[in-house]
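Let me begin by presenting the structure, written as structure tokens, before commenting on it.
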Amino acid sequence: MSFISISYLVLLFFVFLTRLIFNTTANKNGYLLFLLLASLIFYVSYIPRFIFLLLGITLIDFVVGRKIDEAGNLNAKRFYLAISIVSNLGILAFYKYSQFFVDTVKVLSYIFDHPIFQTTQLNIALPLGISFFTFQSMSYTIDVYRGVIRPEKRYWRFLLFVSFFTHLVSGPIVRARELVYQFDRKRKAWPAVVTEGLYLIVRGFFLKCVVADNLAEYVNNYWRDDFIAVCPSLGAWMLAFFFGCQIFADFEGYTSIARGSAYLLGFRLPLNFNFPYLATSFRDFWTRWHITLSTWIRDYFYVSIGGNRVPEWRFYFNLFLVMTIAGLWHGAAWTFVIWGVLHGTALVLERVLGFQKTTDKPFLVKVFWFGVVQGVVLLGWIYFRADSAEQAVDLIQACFNGKWDRDIVMKLVPGLAFTAPIVLMHLRGFLMERQWFRKPEWLEKVFWSALMLYAILSISGKNSAFIYFHF
């Protein structure tokens with residue numbers, strides 16, 4: 001049951017209808033229990049057996065949260081917190097990284113002429129959304145340990161927080177303190193809230209079906225070793241640009257549908273993207289891209305290892321380490337690790353050079369560093385998308401080979417039409433951030449919604465799974 005399926009829209013319609021029914025009663029628990037049922041049905045529709053994994057990890061963290069609150073000393077609290085962290089990370093490591101570990105050990109064993117594994121296929125299915133719901137569940141026990149929140153008294157409410165179908169599969173990564181309090185909030189289906197929710201859903205469908213899926217056809221068709229071997233510089237940069245727009249439209253499209261669905265059902269989810277391709281520094285990029293992940297890693301990992309309250313060399317090491325971990329979180333492959341290392345190195349060098357803030361720099365320096373940031377981000381996306389590190393190196397070399405081939409470039413030019421919405425979105429964001437343009441009012445949103453609906457019905461690309469479903 002994908003977000004871009006009829007079955008999801010039917011589920012959302014019936015849950016919204018239930019909200020309207022319970023809106024006239026005082027039984028908010030009835031509505032919340034129905035939400036929980038709908039969320040479990042949503043998850044079971046993929047691979048039914050993994051529902052037991054979801055129930056198991058949430059039960060462990062629910063009990064741990066209560067035990068931490070009841071513990072009389074710090075050592076006991078730490079013991080129970082360790083149970084939560086080991087359980088979540090252990091399950092995540094087993095399902096997501098077992099194959100990666102086996103493959104890495106096998107390669108190393110052959111390099112040193114001591115072969116260990118005869119096979120590399122463990123055939124372990126990846127539970128949908130495991131990278132997201134383990135982080136959400138684990139953040140709860142850490143917040144209880146830190147005294148940020150009180151533990152939830154009823155398991156089913158905690159399960160609803162983790163499994164709420166709008167954010168379960170691909171985020172945003174929601175924390176208990178951002179959602180649980182909303183369970184008890186009075187909610188009415190105000191017209192402004194409903195229309196905002198519908199606008200976000202239409203916007204999400206447009207970004208996914210029209211922009212991301214059409215760009216995916218160009219990326220999938222031309223991101224091949226034989227094409228890369230003859231690709232001129234401009235063509236290689238265009239491919240990287242296409243994927244940069246595709247992954248933004250794909251993930252922001254999912255997030256918009258998630259946030260819009262939550263609006264319709266009476267909840268607010270956190271913002272996950274804020275015009276990332278306007279970033280003027282690498283630090284700025286990570287305050288705009290996948291915001292809920294970057295803030296999660298900052299608050300629960302970076303701060304825990306000392307953050308910036310350490311000697312300078314250690315601070316640089318912390319920056320490098322957290323970005324490497326962020327890369328590995330995205331996927332069990334060395335290409336993702338290299339992507340994280342690239343961003344970690346960029347953050348460290350930026351700090352050394354004093355470019356983490358460019359507001360006090362001359363205009364030409366700002367423009368130069370903006371070009372550096374966006375150029376490195378595009379080159380990084382090559383590793384993110386590549387089938388292997390070797391393929392990524394080949395495409396990056398093509399970016400700088402200085403070749404020209406008009407026929408190849410002209411094959412890619414039509415794809416630029418599907419990057420236009422992303423460029424225009426960021427242009428408007430640029431103008432809004434400088435208060436030269438206002439946020440769209442309701443009448444303008446109606447206009448854009450009608451235009452996007454027409455595009456969805458007429459020029460949608462071939463349906464493909466959301467990229468972050470793989471993570």
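By convention here, the chains of the structure tokens are called A, B, ... in the order presented, each chain's residues are numbered starting at 1, and ligands are numbered starting at 1 in the order presented.
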
Practice prompt. Can you pull out every residue within 9 Å of A:Val409, counting only C-alpha atoms, but drop anything in the same chain fewer than 4 positions away, and send it as an MDAnalysis selection string?
Written response: chainID A and resid 231:232 234:235 238 404:405 413

Any chance you can output those residues with all heavy atoms as a compact mmCIF listing (two decimals), in the first residue's frame?
# COMPACT_ATOMS: atom_id res chain seq x y z
N CYS A 231 30.30 9.65 -22.27
CA CYS A 231 29.54 10.84 -21.88
C CYS A 231 30.45 12.07 -21.82
O CYS A 231 31.52 12.04 -21.20
CB CYS A 231 28.90 10.61 -20.52
SG CYS A 231 27.66 11.85 -20.09
N PRO A 232 30.05 13.18 -22.44
CA PRO A 232 30.82 14.42 -22.33
C PRO A 232 30.59 15.09 -20.98
O PRO A 232 29.68 14.72 -20.23
CB PRO A 232 30.27 15.28 -23.47
CG PRO A 232 28.86 14.81 -23.62
CD PRO A 232 28.89 13.33 -23.31
N LEU A 234 29.36 18.01 -20.03
CA LEU A 234 28.04 18.61 -19.79
C LEU A 234 27.00 17.53 -19.56
O LEU A 234 26.13 17.68 -18.68
CB LEU A 234 27.64 19.49 -20.98
CG LEU A 234 26.30 20.22 -20.84
CD1 LEU A 234 26.28 21.09 -19.60
CD2 LEU A 234 26.00 21.05 -22.09
N GLY A 235 27.07 16.44 -20.29
CA GLY A 235 26.12 15.35 -20.10
C GLY A 235 26.24 14.72 -18.73
O GLY A 235 25.23 14.38 -18.10
N MET A 238 24.73 17.02 -16.24
CA MET A 238 23.27 16.98 -16.37
C MET A 238 22.69 15.75 -15.68
O MET A 238 21.66 15.84 -15.01
CB MET A 238 22.87 17.01 -17.85
CG MET A 238 23.10 18.36 -18.52
SD MET A 238 22.81 18.33 -20.31
CE MET A 238 21.01 18.21 -20.35
N TRP A 404 32.99 17.09 -25.66
CA TRP A 404 31.72 17.66 -26.11
C TRP A 404 31.11 16.72 -27.15
O TRP A 404 31.79 16.27 -28.08
CB TRP A 404 31.92 19.04 -26.71
CG TRP A 404 30.69 19.54 -27.45
CD1 TRP A 404 30.52 19.65 -28.79
CD2 TRP A 404 29.45 19.94 -26.87
NE1 TRP A 404 29.27 20.11 -29.11
CE2 TRP A 404 28.58 20.31 -27.93
CE3 TRP A 404 28.99 20.04 -25.56
CZ2 TRP A 404 27.29 20.76 -27.73
CZ3 TRP A 404 27.68 20.49 -25.36
CH2 TRP A 404 26.86 20.85 -26.42
N ASP A 405 29.84 16.43 -26.99
CA ASP A 405 29.11 15.60 -27.95
C ASP A 405 27.68 16.12 -28.00
O ASP A 405 26.88 15.87 -27.09
CB ASP A 405 29.15 14.12 -27.55
CG ASP A 405 28.60 13.20 -28.64
OD1 ASP A 405 27.56 13.55 -29.23
OD2 ASP A 405 29.22 12.16 -28.90
N VAL A 413 18.57 16.91 -22.97
CA VAL A 413 17.97 18.24 -22.84
C VAL A 413 16.48 18.21 -22.49
O VAL A 413 16.02 19.00 -21.63
CB VAL A 413 18.22 19.07 -24.13
CG1 VAL A 413 17.28 20.28 -24.20
CG2 VAL A 413 19.67 19.53 -24.19

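The shell of residues at most 12 Å from A:Trp223, with only C-alpha atoms counted and near chain neighbours (fewer than 6 positions) removed, consists of Leu215, Ala216, Glu217, Ala229, Val230, Cys231, Gly235, Ala236, Trp237, Met238, Leu239, Ala240, Phe242, Phe243, Ile382, Arg385, Ala386, Asp387, Ser388, Gln391, Ala392, Asp394, Leu395 and Leu412 of chain A.
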
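Distances from A:Leu9, A:Ile149, A:Ile396, A:Ala420 to A:Tyr181 were compared using only C-alpha atoms, and the smallest one belongs to A:Ile149.
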
Worksheet entry | Which residue of A:Phe282, A:Phe205, A:Tyr97, A:Tyr31 approaches A:Asn463 most closely, using only C-alpha atoms |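 Checking each of A:Phe282, A:Phe205, A:Tyr97, A:Tyr31 against A:Asn463, counting only C-alpha atoms, the winner is A:Phe205.
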
Worksheet item: With only C-alpha atoms as the basis for distance, which of A:Ser45, A:Ser98, A:Ser5, A:Thr141 is at the shortest distance from A:Ile68?
Response: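 Of all the options, A:Thr141 lies closest to A:Ile68.
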
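The interatomic distance for the pair atom CA of A:Tyr140 and atom CA of A:Ile60 works out to 11.5 Å.
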
Discussion item. As JSON, numbers by chain, please: every residue in stretch 171-333 of chain A that a backbone DSSP assignment puts in helix (DSSP H, G or I).
Written reply: {"A": [176, 177, 178, 179, 180, 181, 182, 183, 184, 191, 192, 193, 194, 195, 196, 197, 198, 199, 200, 201, 202, 203, 204, 205, 206, 207, 208, 209, 210, 211, 212, 213, 214, 215, 216, 217, 218, 219, 220, 221, 222, 225, 226, 227, 228, 229, 230, 233, 234, 235, 236, 237, 238, 239, 240, 241, 242, 243, 244, 245, 246, 247, 248, 249, 250, 251, 252, 253, 254, 255, 256, 257, 258, 259, 260, 261, 262, 263, 264, 265, 276, 277, 278, 282, 283, 284, 285, 291, 292, 293, 294, 295, 296, 297, 298, 299, 300, 301, 302, 312, 313, 314, 315, 316, 317, 318, 319, 320, 321, 322, 323, 324, 325, 326, 327, 328, 329, 330]}

Can those selected residues be exported to a file as a CSV table (one decimal), in the first residue's frame so that it contains C-alpha atoms?
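To be explicit, this is the file written out as again.csv:
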chain,number,residue,atom,x,y,z
A,176,ALA,CA,7.6,11.5,21.1
A,177,ARG,CA,7.6,15.1,22.4
A,178,GLU,CA,6.5,16.3,18.9
A,179,LEU,CA,3.6,14.0,18.5
A,180,VAL,CA,2.3,12.3,21.7
A,181,TYR,CA,1.0,15.6,23.2
A,182,GLN,CA,-1.1,16.1,20.1
A,183,PHE,CA,-3.1,12.9,21.0
A,184,ASP,CA,-4.8,14.8,23.8
A,191,PRO,CA,-11.5,24.3,6.6
A,192,ALA,CA,-8.1,26.0,6.6
A,193,VAL,CA,-6.5,22.9,8.0
A,194,VAL,CA,-8.2,20.5,5.6
A,195,THR,CA,-7.4,22.6,2.6
A,196,GLU,CA,-3.8,22.9,3.7
A,197,GLY,CA,-3.6,19.2,4.0
A,198,LEU,CA,-5.1,18.6,0.6
A,199,TYR,CA,-2.7,21.2,-0.9
A,200,LEU,CA,0.3,19.3,0.6
A,201,ILE,CA,-1.0,16.0,-0.7
A,202,VAL,CA,-1.5,17.3,-4.2
A,203,ARG,CA,2.0,19.0,-4.1
A,204,GLY,CA,3.5,15.6,-3.0
A,205,PHE,CA,1.8,13.7,-5.8
A,206,PHE,CA,3.1,16.3,-8.3
A,207,LEU,CA,6.7,16.2,-7.0
A,208,LYS,CA,6.7,12.4,-7.0
A,209,CYS,CA,4.6,11.4,-10.1
A,210,VAL,CA,5.4,14.3,-12.5
A,211,VAL,CA,8.9,15.4,-11.4
A,212,ALA,CA,10.7,12.5,-9.8
A,213,ASP,CA,9.2,9.7,-11.9
A,214,ASN,CA,9.8,11.4,-15.2
A,215,LEU,CA,13.4,12.3,-14.2
A,216,ALA,CA,13.9,8.7,-13.1
A,217,GLU,CA,13.3,7.6,-16.7
A,218,TYR,CA,16.2,9.7,-17.8
A,219,VAL,CA,18.5,8.7,-14.9
A,220,ASN,CA,17.7,5.0,-15.2
A,221,ASN,CA,18.1,5.0,-19.0
A,222,TYR,CA,21.4,6.8,-19.2
A,225,ASP,CA,28.5,2.1,-17.7
A,226,ASP,CA,28.4,2.1,-21.6
A,227,PHE,CA,26.8,5.6,-21.7
A,228,ILE,CA,29.1,7.0,-19.0
A,229,ALA,CA,32.2,5.8,-21.0
A,230,VAL,CA,31.3,8.1,-23.9
A,233,SER,CA,31.3,16.8,-19.4
A,234,LEU,CA,28.0,18.6,-19.8
A,235,GLY,CA,26.1,15.3,-20.1
A,236,ALA,CA,27.7,14.0,-16.9
A,237,TRP,CA,26.8,17.1,-15.0
A,238,MET,CA,23.3,17.0,-16.4
A,239,LEU,CA,22.9,13.4,-15.1
A,240,ALA,CA,24.1,14.4,-11.7
A,241,PHE,CA,21.7,17.4,-11.7
A,242,PHE,CA,18.8,15.2,-12.8
A,243,PHE,CA,19.4,12.9,-9.9
A,244,GLY,CA,19.8,15.8,-7.5
A,245,CYS,CA,16.3,17.0,-8.6
A,246,GLN,CA,14.9,13.5,-8.6
A,247,ILE,CA,15.9,12.6,-5.1
A,248,PHE,CA,14.7,15.9,-3.7
A,249,ALA,CA,11.3,15.7,-5.5
A,250,ASP,CA,11.0,12.0,-4.5
A,251,PHE,CA,11.7,12.5,-0.8
A,252,GLU,CA,10.0,15.9,-0.5
A,253,GLY,CA,7.0,14.5,-2.4
A,254,TYR,CA,6.7,11.7,0.2
A,255,THR,CA,7.2,14.1,3.1
A,256,SER,CA,4.5,16.5,1.7
A,257,ILE,CA,2.0,13.6,1.4
A,258,ALA,CA,2.9,12.5,4.9
A,259,ARG,CA,2.5,16.0,6.3
A,260,GLY,CA,-0.7,16.6,4.3
A,261,SER,CA,-2.2,13.3,5.4
A,262,ALA,CA,-1.4,14.1,9.1
A,263,TYR,CA,-3.0,17.6,8.7
A,264,LEU,CA,-6.2,16.0,7.4
A,265,LEU,CA,-6.2,13.7,10.4
A,276,PRO,CA,18.3,22.7,0.4
A,277,TYR,CA,19.7,23.8,-2.9
A,278,LEU,CA,19.8,27.4,-1.6
A,282,PHE,CA,27.7,22.7,3.9
A,283,ARG,CA,26.5,23.4,7.4
A,284,ASP,CA,23.6,25.3,6.0
A,285,PHE,CA,22.8,22.4,3.6
A,291,ILE,CA,16.1,18.1,8.8
A,292,THR,CA,14.7,15.4,11.1
A,293,LEU,CA,17.6,13.0,10.4
A,294,SER,CA,20.3,15.7,10.8
A,295,THR,CA,18.8,17.0,14.0
A,296,TRP,CA,18.3,13.5,15.3
A,297,ILE,CA,22.0,12.6,14.7
A,298,ARG,CA,23.0,16.0,16.2
A,299,ASP,CA,20.9,15.6,19.4
A,300,TYR,CA,21.4,11.9,20.1
A,301,PHE,CA,24.8,11.1,18.7
A,302,TYR,CA,26.9,14.2,18.1
A,312,GLU,CA,39.5,21.3,18.3
A,313,TRP,CA,40.9,18.1,16.8
A,314,ARG,CA,38.2,16.1,18.5
A,315,PHE,CA,35.6,18.5,17.3
A,316,TYR,CA,36.7,17.9,13.7
A,317,PHE,CA,36.7,14.2,14.3
A,318,ASN,CA,33.2,14.3,15.7
A,319,LEU,CA,32.0,16.2,12.6
A,320,PHE,CA,33.6,13.6,10.3
A,321,LEU,CA,32.3,10.7,12.3
A,322,VAL,CA,28.7,11.8,12.4
A,323,MET,CA,28.5,12.3,8.7
A,324,THR,CA,30.1,9.0,8.0
A,325,ILE,CA,27.4,7.4,10.3
A,326,ALA,CA,24.8,9.4,8.4
A,327,GLY,CA,26.1,7.9,5.1
A,328,LEU,CA,26.0,4.4,6.5
A,329,TRP,CA,22.5,5.0,7.9
A,330,HIS,CA,21.3,5.6,4.3

Worksheet entry | Atomic distance atom CA of A:Glu444 - atom CA of A:Trp190, expressed in Å with one decimal | 19.2 Å

Worksheet item: What is the atom CA of A:Tyr95-atom CA of A:Gly56 distance in Å, reported with one decimal?
Response: 14.7 Å

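Residue neighbourhood of A:Val373, excluding near-sequence residues (fewer than 4 positions): Ala279, Thr280, Ser281, Phe282, Trp369 and Val377 of chain A, at 8 Å, using only C-alpha atoms.
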
Worksheet item: Can you list, as a list in words, every protein, DNA or RNA residue that comes within 8 Å of A:Arg150 when you count only C-alpha atoms, leaving out same-chain residues fewer than 3 positions away?
Response: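 Everything that qualifies: Asp69, Val144 and Gly147 of chain A.
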
Practice prompt. Would you please work out which residue, of A:Leu269, A:Met138, A:Leu108, A:Leu17, is nearest to A:Val64 when using only C-alpha atoms?
Written response: A:Met138
